[in-house]
file my_file19.cif (mmCIF, C-alpha atoms)
data_input
#
loop_
_atom_site.label_atom_id
_atom_site.label_comp_id
_atom_site.auth_asym_id
_atom_site.auth_seq_id
_atom_site.Cartn_x
_atom_site.Cartn_y
_atom_site.Cartn_z
CA MET D 1 26.68 -8.81 -32.26
CA THR D 2 24.94 -6.19 -30.19
CA THR D 3 25.19 -6.15 -26.45
CA SER D 4 21.54 -5.22 -26.06
CA THR D 5 20.48 -8.87 -26.23
CA VAL D 6 22.71 -9.77 -23.28
CA LYS D 7 20.73 -9.91 -20.08
CA THR D 8 22.50 -7.67 -17.60
CA PRO D 9 21.80 -8.16 -13.88
CA THR D 10 20.08 -4.76 -13.82
CA LYS D 11 17.81 -5.73 -16.70
CA SER D 12 16.85 -9.04 -15.14
CA ALA D 13 16.19 -7.27 -11.84
CA TYR D 14 13.85 -4.91 -13.71
CA TRP D 15 11.93 -7.81 -15.30
CA ALA D 16 11.76 -9.67 -12.00
CA GLY D 17 10.17 -6.49 -10.64
CA VAL D 18 7.65 -6.41 -13.49
CA ARG D 19 6.66 -9.99 -12.67
CA GLY D 20 6.35 -9.09 -8.98
CA GLY D 21 4.13 -6.09 -9.76
CA ALA D 22 1.91 -7.77 -12.35
CA PRO D 23 -0.58 -9.36 -9.88
CA PHE D 24 -1.51 -5.90 -8.62
CA ILE D 25 -3.06 -5.07 -11.98
CA LEU D 26 -6.01 -7.06 -10.55
CA MET D 27 -6.40 -4.36 -7.91
CA ALA D 28 -5.47 -1.30 -9.95
CA VAL D 29 -8.10 -1.97 -12.64
CA PRO D 30 -11.25 -1.91 -10.46
CA PHE D 31 -10.09 0.73 -7.98
CA ALA D 32 -8.75 3.19 -10.53
CA THR D 33 -11.95 2.81 -12.54
CA LEU D 34 -13.96 3.37 -9.37
CA PHE D 35 -11.96 6.52 -8.58
CA GLY D 36 -12.64 7.88 -12.07
CA VAL D 37 -16.37 7.19 -11.67
CA ILE D 38 -16.65 8.73 -8.19
CA ALA D 39 -14.51 11.75 -9.07
CA THR D 40 -16.73 12.52 -12.06
CA ASP D 41 -19.90 12.02 -9.99
CA ALA D 42 -18.47 14.40 -7.38
CA GLY D 43 -18.10 17.08 -10.04
CA LEU D 44 -14.40 17.05 -10.87
CA THR D 45 -13.48 17.78 -14.49
CA LEU D 46 -11.47 15.28 -16.52
CA ALA D 47 -8.28 17.30 -16.03
CA GLN D 48 -8.84 17.59 -12.27
CA ALA D 49 -9.57 13.89 -11.80
CA MET D 50 -6.52 12.89 -13.88
CA GLY D 51 -4.35 15.49 -12.12
CA PHE D 52 -5.46 14.03 -8.81
CA THR D 53 -4.52 10.49 -9.82
CA VAL D 54 -1.17 11.39 -11.41
CA LEU D 55 0.03 13.87 -8.77
CA VAL D 56 -1.10 12.01 -5.66
CA ILE D 57 -0.99 8.37 -6.87
CA ALA D 58 -2.21 6.95 -3.53
CA GLY D 59 -5.53 5.14 -3.66
CA ALA D 60 -6.68 5.36 -0.04
CA ALA D 61 -5.85 9.07 0.31
CA GLN D 62 -7.51 9.90 -3.00
CA PHE D 63 -10.76 8.25 -1.92
CA ALA D 64 -10.59 9.86 1.53
CA ALA D 65 -10.03 13.36 0.11
CA LEU D 66 -12.80 12.95 -2.43
CA GLN D 67 -15.24 11.81 0.24
CA LEU D 68 -14.47 14.89 2.36
CA MET D 69 -14.74 17.16 -0.67
CA VAL D 70 -18.20 15.77 -1.45
CA GLU D 71 -19.13 16.64 2.15
CA ASN D 72 -17.77 20.19 1.59
CA ALA D 73 -15.27 19.93 4.42
CA SER D 74 -12.91 22.86 4.87
CA ILE D 75 -9.88 22.78 2.57
CA ALA D 76 -7.47 22.57 5.49
CA PHE D 77 -9.33 19.56 6.89
CA VAL D 78 -9.37 17.78 3.51
CA LEU D 79 -5.60 18.24 3.22
CA LEU D 80 -4.84 17.27 6.81
CA ALA D 81 -6.96 14.12 6.68
CA ALA D 82 -5.62 12.98 3.31
CA LEU D 83 -2.00 13.60 4.26
CA ALA D 84 -2.52 11.81 7.59
CA VAL D 85 -3.71 8.78 5.63
CA ASN D 86 -0.40 8.92 3.73
CA LEU D 87 1.87 9.38 6.75
CA ARG D 88 2.57 5.63 6.93
CA MET D 89 4.64 6.17 3.79
CA ALA D 90 7.18 8.16 5.83
CA MET D 91 7.83 4.86 7.61
CA TYR D 92 8.22 3.15 4.22
CA SER D 93 10.62 5.90 3.19
CA ALA D 94 12.75 5.39 6.30
CA SER D 95 12.84 1.62 5.94
CA LEU D 96 14.09 1.93 2.33
CA VAL D 97 17.09 4.03 3.43
CA PRO D 98 19.38 1.06 4.30
CA TYR D 99 18.76 -0.38 0.82
CA LEU D 100 18.51 2.67 -1.44
CA GLY D 101 20.14 5.49 0.53
CA ALA D 102 23.31 5.39 -1.57
CA ALA D 103 21.46 5.85 -4.89
CA PRO D 104 21.70 9.23 -6.69
CA LEU D 105 19.24 11.87 -5.45
CA TRP D 106 17.17 11.92 -8.67
CA GLN D 107 16.72 8.16 -8.52
CA ARG D 108 15.62 8.40 -4.89
CA ALA D 109 13.15 11.11 -5.96
CA CYS D 110 11.70 8.80 -8.65
CA ILE D 111 11.38 5.97 -6.12
CA ALA D 112 9.71 8.39 -3.67
CA TYR D 113 7.09 9.30 -6.27
CA LEU D 114 6.34 5.60 -6.88
CA ASN D 115 6.55 4.55 -3.21
CA PHE D 116 3.07 3.21 -2.38
CA ASP D 117 1.92 0.10 -0.51
CA GLN D 118 2.23 -2.41 -3.35
CA THR D 119 5.58 -1.28 -4.77
CA TYR D 120 7.07 -0.83 -1.31
CA ILE D 121 6.12 -4.24 0.11
CA THR D 122 7.07 -6.14 -3.04
CA ALA D 123 10.46 -4.39 -3.19
CA ILE D 124 11.32 -4.62 0.51
CA ALA D 125 10.50 -8.36 0.54
CA ARG D 126 12.92 -8.87 -2.36
CA TYR D 127 15.66 -6.72 -0.78
CA GLU D 128 15.43 -8.69 2.47
CA ALA D 129 15.51 -12.04 0.67
CA ARG D 130 18.51 -11.03 -1.51
CA PRO D 131 20.97 -8.89 0.44
CA GLU D 132 23.54 -9.33 -2.36
CA MET D 133 21.56 -7.08 -4.75
CA THR D 134 23.45 -3.97 -5.92
CA ILE D 135 21.92 -0.49 -5.58
CA ALA D 136 21.33 -0.36 -9.36
CA GLU D 137 19.53 -3.72 -9.25
CA ARG D 138 17.38 -2.57 -6.34
CA ILE D 139 16.37 0.62 -8.17
CA ALA D 140 15.66 -1.38 -11.35
CA PHE D 141 13.55 -3.88 -9.40
CA PHE D 142 11.50 -1.10 -7.78
CA LEU D 143 10.85 0.59 -11.14
CA GLY D 144 9.95 -2.83 -12.54
CA VAL D 145 7.30 -3.36 -9.86
CA ALA D 146 5.79 0.07 -10.61
CA THR D 147 5.76 -0.54 -14.38
CA PRO D 148 2.57 -2.64 -14.57
CA ILE D 149 0.82 -0.79 -11.71
CA ALA D 150 1.19 2.98 -12.26
CA PRO D 151 0.17 3.14 -15.96
CA THR D 152 -2.79 0.85 -15.21
CA TRP D 153 -3.79 3.15 -12.35
CA PHE D 154 -3.68 6.23 -14.62
CA GLY D 155 -5.27 4.55 -17.64
CA MET D 156 -8.15 2.97 -15.77
CA THR D 157 -8.91 6.24 -13.94
CA TYR D 158 -9.35 7.74 -17.40
CA VAL D 159 -11.63 4.86 -18.43
CA GLY D 160 -13.68 5.38 -15.27
CA ILE D 161 -14.05 9.10 -15.99
CA VAL D 162 -15.09 8.54 -19.59
CA ALA D 163 -17.15 5.37 -19.22
CA GLY D 164 -18.68 6.38 -15.87
CA GLN D 165 -20.04 2.90 -15.22
CA ALA D 166 -20.10 1.90 -11.58
CA ILE D 167 -19.08 -1.66 -10.79
CA PRO D 168 -21.93 -3.83 -9.38
CA ASP D 169 -21.83 -4.41 -5.59
CA ALA D 170 -22.29 -8.14 -6.20
CA TRP D 171 -18.61 -8.35 -7.24
CA ALA D 172 -17.65 -7.60 -3.62
CA LEU D 173 -14.77 -5.44 -4.85
CA ASP D 174 -14.63 -3.78 -1.44
CA PHE D 175 -12.90 -6.89 -0.18
CA ILE D 176 -10.32 -7.33 -2.94
CA LEU D 177 -8.22 -4.60 -1.29
CA PRO D 178 -8.02 -6.30 2.15
CA ILE D 179 -7.24 -9.62 0.44
CA MET D 180 -4.45 -7.96 -1.52
CA PHE D 181 -2.91 -6.42 1.62
CA LEU D 182 -3.18 -9.67 3.59
CA ALA D 183 -1.62 -11.60 0.71
CA MET D 184 1.28 -9.13 0.65
CA VAL D 185 1.99 -9.31 4.36
CA ALA D 186 1.38 -13.02 5.12
CA PRO D 187 4.57 -14.29 3.41
CA MET D 188 6.58 -11.79 5.50
CA LEU D 189 5.50 -13.38 8.83
CA LYS D 190 8.72 -15.37 9.01
CA SER D 191 9.78 -15.10 12.67
CA MET D 192 8.28 -14.82 16.13
CA ALA D 193 9.21 -11.13 16.15
CA HIS D 194 7.32 -10.53 12.89
CA MET D 195 4.24 -12.35 14.19
CA ALA D 196 4.33 -10.45 17.48
CA ALA D 197 4.58 -7.16 15.57
CA ALA D 198 1.60 -8.11 13.37
CA ALA D 199 -0.47 -9.13 16.41
CA VAL D 200 0.21 -5.81 18.16
CA SER D 201 -0.57 -3.92 14.95
CA VAL D 202 -3.96 -5.66 14.68
CA SER D 203 -4.88 -5.22 18.36
CA VAL D 204 -3.90 -1.56 18.66
CA GLY D 205 -5.31 -0.80 15.20
CA LEU D 206 -8.71 -2.21 16.23
CA LEU D 207 -8.61 -0.52 19.61
CA LEU D 208 -7.89 2.94 18.15
CA VAL D 209 -10.02 2.58 15.02
CA ASN D 210 -12.18 5.56 15.97
CA LEU D 211 -9.33 8.07 16.16
CA PRO D 212 -9.45 10.57 13.26
CA ALA D 213 -7.94 9.81 9.84
CA GLY D 214 -5.09 7.40 10.19
CA THR D 215 -3.74 8.52 13.57
CA GLY D 216 -4.78 5.23 15.19
CA LEU D 217 -2.89 3.34 12.50
CA LEU D 218 0.26 5.38 13.12
CA ILE D 219 0.17 4.58 16.84
CA ALA D 220 -0.53 0.91 16.03
CA ALA D 221 2.37 0.78 13.57
CA ALA D 222 4.80 2.46 15.96
CA SER D 223 3.91 0.09 18.84
CA ALA D 224 4.16 -2.89 16.49
CA MET D 225 7.61 -1.87 15.23
CA LEU D 226 8.80 -1.47 18.80
CA THR D 227 7.35 -4.89 19.68
CA GLY D 228 9.11 -6.53 16.71
CA ALA D 229 12.46 -4.97 17.58
CA LEU D 230 12.19 -5.86 21.29
CA VAL D 231 11.18 -9.47 20.60
CA GLU D 232 14.10 -9.73 18.18
CA VAL D 233 16.54 -8.47 20.84
CA TRP D 234 15.01 -10.82 23.40
CA MET D 235 15.30 -13.82 21.07
CA GLU D 236 18.93 -13.00 20.27
CA ARG D 237 19.77 -12.84 23.97
CA ARG D 238 18.05 -16.16 24.60
CA ALA D 239 19.86 -17.85 21.71
CA ARG D 240 23.25 -16.84 23.12
CA MET A 1 -19.22 20.27 -3.92
CA THR A 2 -19.03 24.04 -3.53
CA TYR A 3 -15.32 24.73 -4.06
CA SER A 4 -14.15 27.06 -6.82
CA THR A 5 -12.00 25.67 -9.64
CA ALA A 6 -8.91 27.29 -8.13
CA GLU A 7 -9.67 25.76 -4.73
CA ILE A 8 -10.04 22.29 -6.22
CA TRP A 9 -6.70 22.63 -8.01
CA ALA A 10 -5.10 23.91 -4.81
CA ILE A 11 -6.28 20.80 -2.95
CA ILE A 12 -4.97 18.52 -5.69
CA VAL A 13 -1.57 20.20 -6.02
CA ILE A 14 -0.93 20.58 -2.27
CA MET A 15 -1.95 16.96 -1.71
CA GLY A 16 0.37 15.85 -4.50
CA VAL A 17 3.34 17.84 -3.22
CA GLY A 18 2.66 16.87 0.41
CA THR A 19 2.37 13.18 -0.45
CA PHE A 20 5.63 13.33 -2.41
CA LEU A 21 7.43 15.03 0.49
CA ILE A 22 6.17 12.34 2.90
CA ARG A 23 7.47 9.62 0.59
CA PHE A 24 10.75 11.41 -0.08
CA SER A 25 11.38 12.46 3.55
CA PHE A 26 13.82 9.96 5.02
CA LEU A 27 15.00 8.49 1.74
CA GLY A 28 15.85 11.96 0.45
CA LEU A 29 17.31 13.53 3.57
CA ILE A 30 19.28 10.71 5.18
CA GLY A 31 20.76 9.27 2.00
CA ASP A 32 23.61 6.90 2.77
CA ARG A 33 24.46 8.29 6.19
CA PRO A 34 24.54 5.43 8.73
CA MET A 35 21.55 4.98 11.03
CA PRO A 36 21.65 3.70 14.62
CA ALA A 37 21.37 -0.09 14.95
CA PHE A 38 18.16 0.04 16.98
CA VAL A 39 16.47 2.29 14.39
CA LEU A 40 17.38 -0.23 11.68
CA ARG A 41 15.93 -2.97 13.86
CA LEU A 42 12.66 -1.01 14.23
CA LEU A 43 12.44 -0.33 10.50
CA ARG A 44 12.75 -4.03 9.63
CA TYR A 45 9.21 -4.44 11.02
CA THR A 46 7.61 -1.63 9.02
CA PRO A 47 5.57 -3.80 6.59
CA VAL A 48 4.23 -6.20 9.23
CA ALA A 49 3.54 -3.26 11.56
CA VAL A 50 1.53 -1.12 9.11
CA LEU A 51 -0.56 -3.45 6.94
CA PRO A 52 -2.20 -5.73 9.56
CA GLY A 53 -3.45 -2.73 11.55
CA MET A 54 -4.74 -1.12 8.37
CA VAL A 55 -6.64 -4.22 7.23
CA ALA A 56 -8.00 -5.55 10.55
CA PRO A 57 -10.96 -3.11 10.79
CA LEU A 58 -11.85 -3.77 7.13
CA VAL A 59 -11.97 -7.51 7.87
CA LEU A 60 -13.97 -7.31 11.11
CA TRP A 61 -16.30 -4.48 10.12
CA PRO A 62 -16.55 -4.36 6.30
CA GLY A 63 -17.91 -1.14 4.77
CA ALA A 64 -19.98 -3.12 2.26
CA THR A 65 -22.09 -4.66 5.06
CA ASP A 66 -22.36 -1.32 6.91
CA GLY A 67 -19.84 -2.51 9.47
CA GLN A 68 -21.70 -5.74 10.29
CA PHE A 69 -19.41 -8.75 10.85
CA ASP A 70 -19.52 -10.96 7.76
CA PRO A 71 -18.46 -14.65 8.04
CA VAL A 72 -17.85 -14.84 4.28
CA ARG A 73 -15.30 -12.03 4.31
CA MET A 74 -13.73 -13.36 7.52
CA LEU A 75 -13.30 -16.77 5.90
CA ALA A 76 -11.69 -15.23 2.81
CA ALA A 77 -9.29 -13.25 5.01
CA ILE A 78 -8.27 -16.36 6.98
CA ALA A 79 -7.76 -18.32 3.75
CA THR A 80 -5.59 -15.54 2.30
CA VAL A 81 -3.31 -15.39 5.34
CA ALA A 82 -3.08 -19.20 5.62
CA ILE A 83 -2.17 -19.63 1.94
CA GLY A 84 0.28 -16.72 2.12
CA VAL A 85 2.08 -18.12 5.16
CA TRP A 86 2.08 -21.62 3.71
CA THR A 87 3.17 -20.89 0.11
CA ARG A 88 5.16 -17.66 0.80
CA ASN A 89 3.73 -16.48 -2.51
CA VAL A 90 1.69 -13.28 -2.90
CA LEU A 91 -0.05 -14.31 -6.10
CA TRP A 92 -1.27 -17.67 -4.75
CA ALA A 93 -2.53 -15.94 -1.62
CA ILE A 94 -4.48 -13.36 -3.68
CA LEU A 95 -5.98 -15.99 -5.97
CA GLY A 96 -6.79 -18.36 -3.09
CA GLY A 97 -8.35 -15.55 -1.05
CA ALA A 98 -10.45 -14.28 -3.96
CA ALA A 99 -11.54 -17.83 -4.86
CA THR A 100 -12.59 -18.42 -1.23
CA LEU A 101 -14.51 -15.13 -1.18
CA TYR A 102 -16.48 -15.87 -4.35
CA ALA A 103 -17.03 -19.55 -3.51
CA ALA A 104 -18.34 -18.67 -0.04
CA MET A 105 -20.55 -15.93 -1.51
CA GLY A 106 -21.90 -18.47 -4.02
CA VAL A 107 -22.64 -21.00 -1.30
CA THR A 108 -24.43 -18.45 0.94
CA ALA A 109 -26.48 -17.26 -2.06
CA LEU A 110 -27.68 -20.83 -2.59
CA LEU A 111 -28.60 -21.41 1.06
#
call {"tool": "encode", "arguments": {"input": "my_file19.cif", "output": "structure tokens"}}
result
Amino acid sequence: MTTSTVKTPTKSAYWAGVRGGAPFILMAVPFATLFGVIATDAGLTLAQAMGFTVLVIAGAAQFAALQLMVENASIAFVLLAALAVNLRMAMYSASLVPYLGAAPLWQRACIAYLNFDQTYITAIARYEARPEMTIAERIAFFLGVATPIAPTWFGMTYVGIVAGQAIPDAWALDFILPIMFLAMVAPMLKSMAHMAAAAVSVSVGLLLVNLPAGTGLLIAAASAMLTGALVEVWMERRAR
Amino acid sequence: MTYSTAEIWAIIVIMGVGTFLIRFSFLGLIGDRPMPAFVLRLLRYTPVAVLPGMVAPLVLWPGATDGQFDPVRMLAAIATVAIGVWTRNVLWAILGGAATLYAAMGVTALL
């Protein structure tokens, strides 16, 4: 008998992650294809467009940078704007520390590379729901979530570059992304504190929508986190 | 686009490295050192603090309609959140939201 057929907890955590990540193929296919198409139209070579997708692996920032490059913005501005769009991921990074901080450095580096909206939210929801998970299981789950998404993102970018067929507007693909994000966050609204945080995030986000590249979102997120924490403290005091 | 090949590669590589450093930042530097209780409390709200603010403008002022409010997209957004809160399941929320979007688009096309 070989032991490889025995389902270890780490292995089942990995496959649970794969199942959690699978729905996001729906999003990765159209948007990666679209990125390939737009990048080619903008004049990037195949190697450049693929390098972009593999090195940066962050949809929103890739589209933002490309848009600014088409407008011939200064290089410094392209970089600043695109990195500002990605700054929210520093918050993701910090919030993973209590769960993954004890993992070896190289594993944390792998997770960092794959830490984007979909993998992060799916993983953090699981970690919160199952505090008994070991570090190895958490790492395996995270890699599992990325498994269906990242290769699809790379592969479909390539298809977009080669096929170069734009997707018809009638499919309303613009709105699949908001639906995906709302679907990810709605199940996490499990307490008054979470709902208060979400409400503040929406209000401040809308109020500051005209601030340059992502800065409004950062302020909205910071005020919302503070709101959530304060409401939580307040509710604990009241319960006592 | 008027950048040279080297400039384009510089943008791509610096963006890649910068994005990685942002993602690695806290996870890489803090490791398993303990964090203050209030910081942990703040961080618990990261997902619900970032995503709603990111999506709200896209729902109210969709790019596809040149920023004009669109009842169809609003309806799909409400359905997605309602199904997500009710079922606590991401996949059902996505499918329900997309179904609402296409059904409402179909109905408005017929009217």
call {"tool": "residues_around", "arguments": {"input": "my_file19.cif", "residues": "D:Ile57", "least_positions_apart": "6", "cutoff": "12 Å", "atoms": "all atoms listed in the file", "output": "PyMOL selection string"}}
result
(chain D and resi 28+31-32+35+49-51+63+86+112-119+146+149-154+157) or (chain A and resi 12-13+15-20+23)
call {"tool": "write_last_selection", "arguments": {"input": "my_file19.cif", "atoms": "C-alpha atoms", "output": "short mmCIF file (atom, residue, chain, number, x, y, z; two decimals), in the coordinates of the input"}}
result
data_model
loop_
_atom_site.label_atom_id
_atom_site.label_comp_id
_atom_site.auth_asym_id
_atom_site.auth_seq_id
_atom_site.Cartn_x
_atom_site.Cartn_y
_atom_site.Cartn_z
CA ALA D 28 -5.47 -1.30 -9.95
CA PHE D 31 -10.09 0.73 -7.98
CA ALA D 32 -8.75 3.19 -10.53
CA PHE D 35 -11.96 6.52 -8.58
CA ALA D 49 -9.57 13.89 -11.80
CA MET D 50 -6.52 12.89 -13.88
CA GLY D 51 -4.35 15.49 -12.12
CA PHE D 63 -10.76 8.25 -1.92
CA ASN D 86 -0.40 8.92 3.73
CA ALA D 112 9.71 8.39 -3.67
CA TYR D 113 7.09 9.30 -6.27
CA LEU D 114 6.34 5.60 -6.88
CA ASN D 115 6.55 4.55 -3.21
CA PHE D 116 3.07 3.21 -2.38
CA ASP D 117 1.92 0.10 -0.51
CA GLN D 118 2.23 -2.41 -3.35
CA THR D 119 5.58 -1.28 -4.77
CA ALA D 146 5.79 0.07 -10.61
CA ILE D 149 0.82 -0.79 -11.71
CA ALA D 150 1.19 2.98 -12.26
CA PRO D 151 0.17 3.14 -15.96
CA THR D 152 -2.79 0.85 -15.21
CA TRP D 153 -3.79 3.15 -12.35
CA PHE D 154 -3.68 6.23 -14.62
CA THR D 157 -8.91 6.24 -13.94
CA ILE A 12 -4.97 18.52 -5.69
CA VAL A 13 -1.57 20.20 -6.02
CA MET A 15 -1.95 16.96 -1.71
CA GLY A 16 0.37 15.85 -4.50
CA VAL A 17 3.34 17.84 -3.22
CA GLY A 18 2.66 16.87 0.41
CA THR A 19 2.37 13.18 -0.45
CA PHE A 20 5.63 13.33 -2.41
CA ARG A 23 7.47 9.62 0.59
#
call {"tool": "resolve_selection", "arguments": {"input": "my_file19.cif", "expression": "the PyMOL selection byres ((chain D and resi 90) around 8)", "output": "JSON, numbers by chain"}}
result
{"D": [86, 87, 88, 89, 91, 92, 93, 94], "A": [22, 23, 24, 25, 26]}
call {"tool": "resolve_selection", "arguments": {"input": "my_file19.cif", "expression": "the PyMOL selection byres ((chain A) within 7 of (chain D))", "output": "PyMOL selection string"}}
result
chain A and resi 1-2+9+11-12+15-16+18-20+22-28+31-32+41-58+64+77+80-81+84-85+88-91+93-94+97
call {"tool": "axis_aligned_box", "arguments": {"input": "my_file19.cif", "around": "stretch 80-94 of chain D", "padding_each_side": "6 Å", "output": "JSON"}}
result
{"center_x": 2.9, "center_y": 10.2, "center_z": 5.4, "size_x": 31.7, "size_y": 26.1, "size_z": 16.4}
call {"tool": "atom_distance", "arguments": {"input": "my_file19.cif", "atom1": "atom CA of D:Leu46", "atom2": "atom CA of D:Phe77"}}
result
23.9 Å
call {"tool": "resolve_selection", "arguments": {"input": "my_file19.cif", "expression": "the PyMOL selection byres ((chain D and resi 162) around 9)", "output": "MDAnalysis selection string"}}
result
chainID D and resid 36:37 40 46 157:161 163:165
call {"tool": "atom_distance", "arguments": {"input": "my_file19.cif", "atom1": "atom CA of A:Ala109", "atom2": "atom CA of D:Pro168"}}
result
16.0 Å
call {"tool": "atom_distance", "arguments": {"input": "my_file19.cif", "atom1": "atom CA of A:Ala79", "atom2": "atom CA of A:Met105"}}
result
14.0 Å
